[in-house]
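Novice: Structure provided below as structure tokens; questions to follow.
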Amino acid sequence: MIERTLFSPDHEAFRDSFRRFMDQEIAPFHADWEEQGCVDREVWRKAGANGFLCMTMPEAYGGAGADKLYSVVQMEELGRAGFSGIGYGLHSEIVAPYLLHYGTEAQKAKYLPQLASGDMVGAIAMSEPAAGSDLQGIQSTALVQPDGSYRLNGSKTFITNGWHADLVIVVAKTNPAAGAKGTSLFLVERGMPGFEKGKRLKKLGLKAQDTSELFFDNVRVPADHLLGGEAQLHRGFIGLMEQLPWERLQIAIGAVAAAQAAIDWTVAYVKERKVFGQPVATFQNTRFTLAELQTGVQVARVFVDKCTELLVQDQLDTATASMAKYWCSDLQCKVMDECVQLFGGYGYMWEYPITRAYADARVQRIYGGTNEIMKEVITRAMGLGGR
């Protein structure tokens, strides 16, 4: 296999440290959390106490000032282990960067240290019942009031970390007549009158992830909760477009890690499982199938590592990130399907990691922008514009 050159010895030492944390604080409980429908809140505070949240944020705001490769290591390890209930990536590498890049100094000083410590859990509310990948189609509104505050109305769905969230970045129209150019981002805190959380959604996979509906009924949002203040009014869509490449690469990173883990589990299984008196691994179909899957994952990993290098250099463009997201999530689903087949009936049993990985994989082709949308983004970069 091609040797990876992305990580330094310090990154690998961090990998070992985070694996120990997972072994102690996540692995013994994750199955129970799947039954519960969410992780225990304490796993957030423990991660914060160990420095595993918001690592790439500046030290002045409670982070470690680390490079993004530390977060990549964390994403890989969670993906490898199948701990899909843990929403650290979205919290640390989507919510926190929005605050860092677009927030006012007061907003950064108030929220980032609490996110880094795990005292606050962060979420971002984009998708709505009638608007998923089409962010220009959101219907939630935040209209300015005579006292300078905003009145937020609308609903959001499929919100990762939604149940535990103490701070939600809400996408809303501040000038509905202006379309995308009338979109802004708001900081909504748990307990604001009119802000309610719906039920935890029951899903095909990601069963320990507290995905929820959120409702906003005449929520009074103070002017200082407009992300970035007046300078960012009506600029929310621009911010979303700037941050989506990193979000989509995160999906690709997790996809490759999960796919490699599935292959590793399957290789171990087919060596032990016997059919017609011989190990399943001795059949040519088994060996050729696994050879094809491993080749695909190796190709994907080299591409994703290169995309990650570009990200660190601030050179990752939207089309390339979209390629990584769609290709790797498609591959992940193919790998899971083929591996389940090699497990036979046991591949359909929930207690087997491959079964849970199969269920968890399917959403990867949907969230972060569906793979069909990814292909639209790519073709437009090729000069093949649609209507």
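Letters A, B, ... go to the chains of the structure tokens in the order shown; residues in each chain start at 1; ligands are counted from 1 in the same order.
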If you count only C-alpha atoms, which residues fall within 9 Å of Lys207 (chain A), apart from same-chain ones fewer than 3 positions away, as a VMD selection string?
Specialist: chain A and resid 33 to 38 84 to 85 201 to 204 210 to 211 360
Novice: For the residues selected in the previous step, produce a file with N, CA and C atoms as a PDB file, in the first residue's frame.
Specialist:
ATOM      1  N   TRP A  33     -25.947   4.099  23.787  1.00  0.00           N
ATOM      2  CA  TRP A  33     -26.365   5.388  23.238  1.00  0.00           C
ATOM      3  C   TRP A  33     -27.211   5.210  21.982  1.00  0.00           C
ATOM      4  N   GLU A  34     -26.921   4.164  21.204  1.00  0.00           N
ATOM      5  CA  GLU A  34     -27.750   3.883  20.030  1.00  0.00           C
ATOM      6  C   GLU A  34     -29.173   3.556  20.452  1.00  0.00           C
ATOM      7  N   GLU A  35     -29.325   2.800  21.522  1.00  0.00           N
ATOM      8  CA  GLU A  35     -30.652   2.493  22.046  1.00  0.00           C
ATOM      9  C   GLU A  35     -31.321   3.753  22.593  1.00  0.00           C
ATOM     10  N   GLN A  36     -30.523   4.608  23.210  1.00  0.00           N
ATOM     11  CA  GLN A  36     -31.024   5.825  23.845  1.00  0.00           C
ATOM     12  C   GLN A  36     -31.415   6.889  22.819  1.00  0.00           C
ATOM     13  N   GLY A  37     -30.735   6.881  21.678  1.00  0.00           N
ATOM     14  CA  GLY A  37     -31.009   7.867  20.635  1.00  0.00           C
ATOM     15  C   GLY A  37     -30.135   9.097  20.703  1.00  0.00           C
ATOM     16  N   CYS A  38     -29.197   9.125  21.631  1.00  0.00           N
ATOM     17  CA  CYS A  38     -28.240  10.232  21.722  1.00  0.00           C
ATOM     18  C   CYS A  38     -27.120   9.815  22.666  1.00  0.00           C
ATOM     19  N   SER A  84     -20.508   6.735  15.246  1.00  0.00           N
ATOM     20  CA  SER A  84     -21.214   7.754  14.471  1.00  0.00           C
ATOM     21  C   SER A  84     -22.098   8.661  15.321  1.00  0.00           C
ATOM     22  N   GLY A  85     -22.229   8.363  16.610  1.00  0.00           N
ATOM     23  CA  GLY A  85     -23.020   9.239  17.461  1.00  0.00           C
ATOM     24  C   GLY A  85     -22.283  10.475  17.924  1.00  0.00           C
ATOM     25  N   LEU A 201     -35.041  12.492  15.994  1.00  0.00           N
ATOM     26  CA  LEU A 201     -35.532  11.775  14.827  1.00  0.00           C
ATOM     27  C   LEU A 201     -34.988  10.351  14.808  1.00  0.00           C
ATOM     28  N   LYS A 202     -35.843   9.394  14.495  1.00  0.00           N
ATOM     29  CA  LYS A 202     -35.440   7.994  14.383  1.00  0.00           C
ATOM     30  C   LYS A 202     -35.002   7.735  12.950  1.00  0.00           C
ATOM     31  N   LYS A 203     -33.779   7.258  12.808  1.00  0.00           N
ATOM     32  CA  LYS A 203     -33.152   7.197  11.502  1.00  0.00           C
ATOM     33  C   LYS A 203     -32.758   5.766  11.142  1.00  0.00           C
ATOM     34  N   LEU A 204     -32.456   5.562   9.865  1.00  0.00           N
ATOM     35  CA  LEU A 204     -31.950   4.277   9.392  1.00  0.00           C
ATOM     36  C   LEU A 204     -30.639   3.931  10.072  1.00  0.00           C
ATOM     37  N   ASP A 210     -27.792  12.645  17.943  1.00  0.00           N
ATOM     38  CA  ASP A 210     -29.019  13.324  18.381  1.00  0.00           C
ATOM     39  C   ASP A 210     -29.519  14.302  17.312  1.00  0.00           C
ATOM     40  N   THR A 211     -30.007  13.751  16.226  1.00  0.00           N
ATOM     41  CA  THR A 211     -30.541  14.537  15.119  1.00  0.00           C
ATOM     42  C   THR A 211     -31.968  14.970  15.467  1.00  0.00           C
ATOM     43  N   ASP A 360     -25.185   3.251   8.640  1.00  0.00           N
ATOM     44  CA  ASP A 360     -24.658   4.609   8.825  1.00  0.00           C
ATOM     45  C   ASP A 360     -24.215   5.243   7.506  1.00  0.00           C
TER      46      ASP A 360
END
Novice: Which residue is closest to Glu292 (chain A)? Choose from A:Lys334, A:Arg19, A:Lys375, A:Lys271 and count only C-alpha atoms.
Specialist: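 That would be A:Lys334, the residue with the smallest distance to Glu292 (chain A).
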Novice: If you count only C-alpha atoms, which residues fall within 9 Å of Gln298 (chain A), apart from same-chain ones fewer than 3 positions away, as a ChimeraX atom specification?
Specialist: /A:1-2,256,260,293-295,301-303
Novice: Would you please work out which residue, of A:His101, A:Asp217, A:Val270, A:Glu93, is nearest to Gln284 (chain A) when using only C-alpha atoms?
Specialist: A:Val270
Novice: Hey, what's within 12 Å of Met349 (chain A) if we count only C-alpha atoms and toss same-chain stuff fewer than 6 positions away? As a list of chain:residue names, please?
Specialist: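 Contacts, with the query itself left out: A:Val340, A:Phe343, A:Thr355, A:Arg356, A:Ala357, A:Tyr358, A:Ala359.
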Novice: As an NGL selection string, please: every residue in region 114-153 of chain A that a backbone DSSP assignment puts in strand (DSSP E or B).
Specialist: :A and (122-125 or 128 or 131 or 141-144 or 150-153)
Novice: Write a file of the just-selected residues containing C-alpha atoms, as a short mmCIF file (atom, residue, chain, number, x, y, z; two decimals), in the first residue's frame.
Specialist:
data_model
loop_
_atom_site.label_atom_id
_atom_site.label_comp_id
_atom_site.auth_asym_id
_atom_site.auth_seq_id
_atom_site.Cartn_x
_atom_site.Cartn_y
_atom_site.Cartn_z
CA GLY A 122 -22.86 23.67 18.87
CA ALA A 123 -25.09 22.97 15.87
CA ILE A 124 -25.88 24.66 12.58
CA ALA A 125 -29.44 24.81 11.27
CA GLU A 128 -35.78 22.75 6.40
CA ALA A 131 -35.27 22.94 1.62
CA THR A 141 -37.18 34.58 8.27
CA ALA A 142 -35.50 36.94 10.72
CA LEU A 143 -37.05 40.36 10.24
CA VAL A 144 -35.66 43.46 11.88
CA TYR A 150 -34.80 40.42 14.88
CA ARG A 151 -37.94 38.30 14.97
CA LEU A 152 -37.07 34.75 13.93
CA ASN A 153 -39.73 32.39 12.58
#
Novice: Compile the contact shell of Tyr102 (chain A) as number ranges by chain: residues with an atom at most 12 Å away, counting only C-alpha atoms, same-chain residues fewer than 3 positions apart removed.
Specialist: A: 95-99, 105-108, 169, 184-187, 226-233, 235-236, 238-240, 242-243
Novice: I need the residues from that last selection saved to file as a PDB file, in the first residue's frame (with C-alpha atoms), if you can.
Specialist:
ATOM      1  CA  VAL A  95     -19.755  25.655  14.007  1.00  0.00           C
ATOM      2  CA  ALA A  96     -16.571  27.015  15.614  1.00  0.00           C
ATOM      3  CA  PRO A  97     -15.002  28.122  12.292  1.00  0.00           C
ATOM      4  CA  TYR A  98     -18.136  30.107  11.426  1.00  0.00           C
ATOM      5  CA  LEU A  99     -17.663  32.016  14.662  1.00  0.00           C
ATOM      6  CA  GLU A 105     -14.732  39.862  18.719  1.00  0.00           C
ATOM      7  CA  ALA A 106     -17.374  39.805  21.459  1.00  0.00           C
ATOM      8  CA  GLN A 107     -19.069  36.760  19.907  1.00  0.00           C
ATOM      9  CA  LYS A 108     -15.812  34.865  19.590  1.00  0.00           C
ATOM     10  CA  ILE A 169     -26.194  28.987  14.025  1.00  0.00           C
ATOM     11  CA  SER A 184     -28.037  36.023   7.262  1.00  0.00           C
ATOM     12  CA  LEU A 185     -26.758  33.841  10.101  1.00  0.00           C
ATOM     13  CA  PHE A 186     -27.937  34.139  13.704  1.00  0.00           C
ATOM     14  CA  LEU A 187     -26.672  32.841  17.030  1.00  0.00           C
ATOM     15  CA  LEU A 226     -26.465  38.485  14.235  1.00  0.00           C
ATOM     16  CA  LEU A 227     -23.287  36.555  13.392  1.00  0.00           C
ATOM     17  CA  GLY A 228     -20.650  39.117  12.514  1.00  0.00           C
ATOM     18  CA  GLY A 229     -22.911  42.056  13.311  1.00  0.00           C
ATOM     19  CA  GLU A 230     -24.076  44.551  10.719  1.00  0.00           C
ATOM     20  CA  ALA A 231     -20.997  43.898   8.578  1.00  0.00           C
ATOM     21  CA  GLN A 232     -22.349  40.396   7.832  1.00  0.00           C
ATOM     22  CA  LEU A 233     -26.018  41.323   7.335  1.00  0.00           C
ATOM     23  CA  ARG A 235     -23.963  37.898   3.655  1.00  0.00           C
ATOM     24  CA  GLY A 236     -24.912  34.539   5.126  1.00  0.00           C
ATOM     25  CA  ILE A 238     -21.560  33.810   0.970  1.00  0.00           C
ATOM     26  CA  GLY A 239     -20.332  32.394   4.279  1.00  0.00           C
ATOM     27  CA  LEU A 240     -22.136  29.114   3.665  1.00  0.00           C
ATOM     28  CA  GLU A 242     -17.076  29.531   1.645  1.00  0.00           C
ATOM     29  CA  GLN A 243     -17.316  26.887   4.379  1.00  0.00           C
TER      30      GLN A 243
END
Novice: Neighbouring residues of region 52-58 of chain A were defined as those with any atom within 12 Å, considering only C-alpha atoms; residues of the same chain fewer than 5 positions away were excluded. Please report them as JSON, numbers by chain.
Specialist: {"A": [14, 15, 17, 18, 19, 21, 22, 43, 44, 45, 46, 47, 63, 64, 65, 66, 67, 68, 69, 70, 71, 72, 73, 74, 75, 86, 87, 88, 89, 90, 91, 92, 93, 94, 95, 96, 97, 98, 99, 100, 101, 108, 109, 111, 112, 113, 114, 115, 116, 117, 118, 119, 120, 121, 122, 312]}
Novice: I'd like to know which residues of region 45-252 of chain A are alpha helix (DSSP H) (by DSSP, run on the backbone); could you write them as an MDAnalysis selection string?
Specialist: chainID A and resid 45:49 68:81 88:90 96:102 105:117 236:252
Novice: Could you please take those selected residues and save C-alpha atoms as a PDB file, in the first residue's frame?
Specialist:
ATOM      1  CA  ARG A  45     -17.365  17.716  28.743  1.00  0.00           C
ATOM      2  CA  LYS A  46     -14.819  14.917  28.967  1.00  0.00           C
ATOM      3  CA  ALA A  47     -13.640  15.631  25.431  1.00  0.00           C
ATOM      4  CA  GLY A  48     -13.310  19.300  26.282  1.00  0.00           C
ATOM      5  CA  ALA A  49     -11.360  18.561  29.455  1.00  0.00           C
ATOM      6  CA  LYS A  68      -6.469  20.975  10.819  1.00  0.00           C
ATOM      7  CA  LEU A  69      -4.654  17.654  10.487  1.00  0.00           C
ATOM      8  CA  TYR A  70      -5.349  16.988  14.162  1.00  0.00           C
ATOM      9  CA  SER A  71      -9.052  17.241  13.442  1.00  0.00           C
ATOM     10  CA  VAL A  72      -8.587  14.999  10.404  1.00  0.00           C
ATOM     11  CA  VAL A  73      -6.984  12.367  12.643  1.00  0.00           C
ATOM     12  CA  GLN A  74      -9.937  12.597  15.019  1.00  0.00           C
ATOM     13  CA  MET A  75     -12.431  12.214  12.173  1.00  0.00           C
ATOM     14  CA  GLU A  76     -10.563   9.203  10.836  1.00  0.00           C
ATOM     15  CA  GLU A  77     -10.522   7.502  14.213  1.00  0.00           C
ATOM     16  CA  LEU A  78     -14.220   8.040  14.865  1.00  0.00           C
ATOM     17  CA  GLY A  79     -15.004   6.805  11.348  1.00  0.00           C
ATOM     18  CA  ARG A  80     -12.745   3.774  11.719  1.00  0.00           C
ATOM     19  CA  ALA A  81     -14.378   2.782  14.990  1.00  0.00           C
ATOM     20  CA  TYR A  88     -17.311  16.502  17.525  1.00  0.00           C
ATOM     21  CA  GLY A  89     -16.487  17.236  13.874  1.00  0.00           C
ATOM     22  CA  LEU A  90     -19.488  19.440  13.217  1.00  0.00           C
ATOM     23  CA  ALA A  96     -16.571  27.015  15.614  1.00  0.00           C
ATOM     24  CA  PRO A  97     -15.002  28.122  12.292  1.00  0.00           C
ATOM     25  CA  TYR A  98     -18.136  30.107  11.426  1.00  0.00           C
ATOM     26  CA  LEU A  99     -17.663  32.016  14.662  1.00  0.00           C
ATOM     27  CA  LEU A 100     -13.931  32.446  14.107  1.00  0.00           C
ATOM     28  CA  HIS A 101     -14.213  33.607  10.492  1.00  0.00           C
ATOM     29  CA  TYR A 102     -17.344  35.747  10.656  1.00  0.00           C
ATOM     30  CA  GLU A 105     -14.732  39.862  18.719  1.00  0.00           C
ATOM     31  CA  ALA A 106     -17.374  39.805  21.459  1.00  0.00           C
ATOM     32  CA  GLN A 107     -19.069  36.760  19.907  1.00  0.00           C
ATOM     33  CA  LYS A 108     -15.812  34.865  19.590  1.00  0.00           C
ATOM     34  CA  ALA A 109     -14.786  35.686  23.156  1.00  0.00           C
ATOM     35  CA  LYS A 110     -18.182  34.630  24.519  1.00  0.00           C
ATOM     36  CA  TYR A 111     -18.820  31.374  22.677  1.00  0.00           C
ATOM     37  CA  LEU A 112     -15.580  29.780  21.482  1.00  0.00           C
ATOM     38  CA  PRO A 113     -14.134  29.046  24.959  1.00  0.00           C
ATOM     39  CA  GLN A 114     -17.425  27.397  25.976  1.00  0.00           C
ATOM     40  CA  LEU A 115     -17.434  25.289  22.821  1.00  0.00           C
ATOM     41  CA  ALA A 116     -13.820  24.279  23.454  1.00  0.00           C
ATOM     42  CA  SER A 117     -14.573  23.201  27.013  1.00  0.00           C
ATOM     43  CA  GLY A 236     -24.912  34.539   5.126  1.00  0.00           C
ATOM     44  CA  PHE A 237     -25.093  32.703   1.821  1.00  0.00           C
ATOM     45  CA  ILE A 238     -21.560  33.810   0.970  1.00  0.00           C
ATOM     46  CA  GLY A 239     -20.332  32.394   4.279  1.00  0.00           C
ATOM     47  CA  LEU A 240     -22.136  29.114   3.665  1.00  0.00           C
ATOM     48  CA  MET A 241     -20.534  28.743   0.250  1.00  0.00           C
ATOM     49  CA  GLU A 242     -17.076  29.531   1.645  1.00  0.00           C
ATOM     50  CA  GLN A 243     -17.316  26.887   4.379  1.00  0.00           C
ATOM     51  CA  LEU A 244     -19.029  24.074   2.458  1.00  0.00           C
ATOM     52  CA  PRO A 245     -15.829  22.720   0.797  1.00  0.00           C
ATOM     53  CA  TRP A 246     -14.356  21.865   4.204  1.00  0.00           C
ATOM     54  CA  GLU A 247     -17.637  20.335   5.353  1.00  0.00           C
ATOM     55  CA  ARG A 248     -17.759  18.170   2.239  1.00  0.00           C
ATOM     56  CA  LEU A 249     -14.155  17.072   2.611  1.00  0.00           C
ATOM     57  CA  GLN A 250     -14.945  16.007   6.174  1.00  0.00           C
ATOM     58  CA  ILE A 251     -17.599  13.667   4.783  1.00  0.00           C
ATOM     59  CA  ALA A 252     -15.037  12.202   2.381  1.00  0.00           C
TER      60      ALA A 252
END
Novice: Please determine, counting only C-alpha atoms, which residue among A:Phe83, A:Phe158, A:Phe215, A:Tyr61 has the shortest atom-to-atom distance to Ala257 (chain A).
Specialist: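 The shortest atom-to-atom distance to Ala257 (chain A) comes from A:Phe83.
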Novice: Just give me the gap between CA of Val297 (chain A) and CA of Ala281 (chain A) in Å, one decimal is fine.
Specialist: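 Value for the CA of Val297 (chain A)-CA of Ala281 (chain A) distance: 19.3 Å.
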Novice: Out of A:Arg190, A:Lys325, A:His11, A:Lys181, which residue has the shortest atom-to-atom distance to His234 (chain A) when counting only C-alpha atoms?
Specialist: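 Closest residue, counting only C-alpha atoms: A:Lys181.
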Novice: Which residues are close to Val188 (chain A), i.e. within 9 Å by only C-alpha atoms, leaving aside same-chain residues fewer than 6 positions away? Reply as an MDAnalysis selection string.
Specialist: chainID A and resid 166:170 195 219 221 225
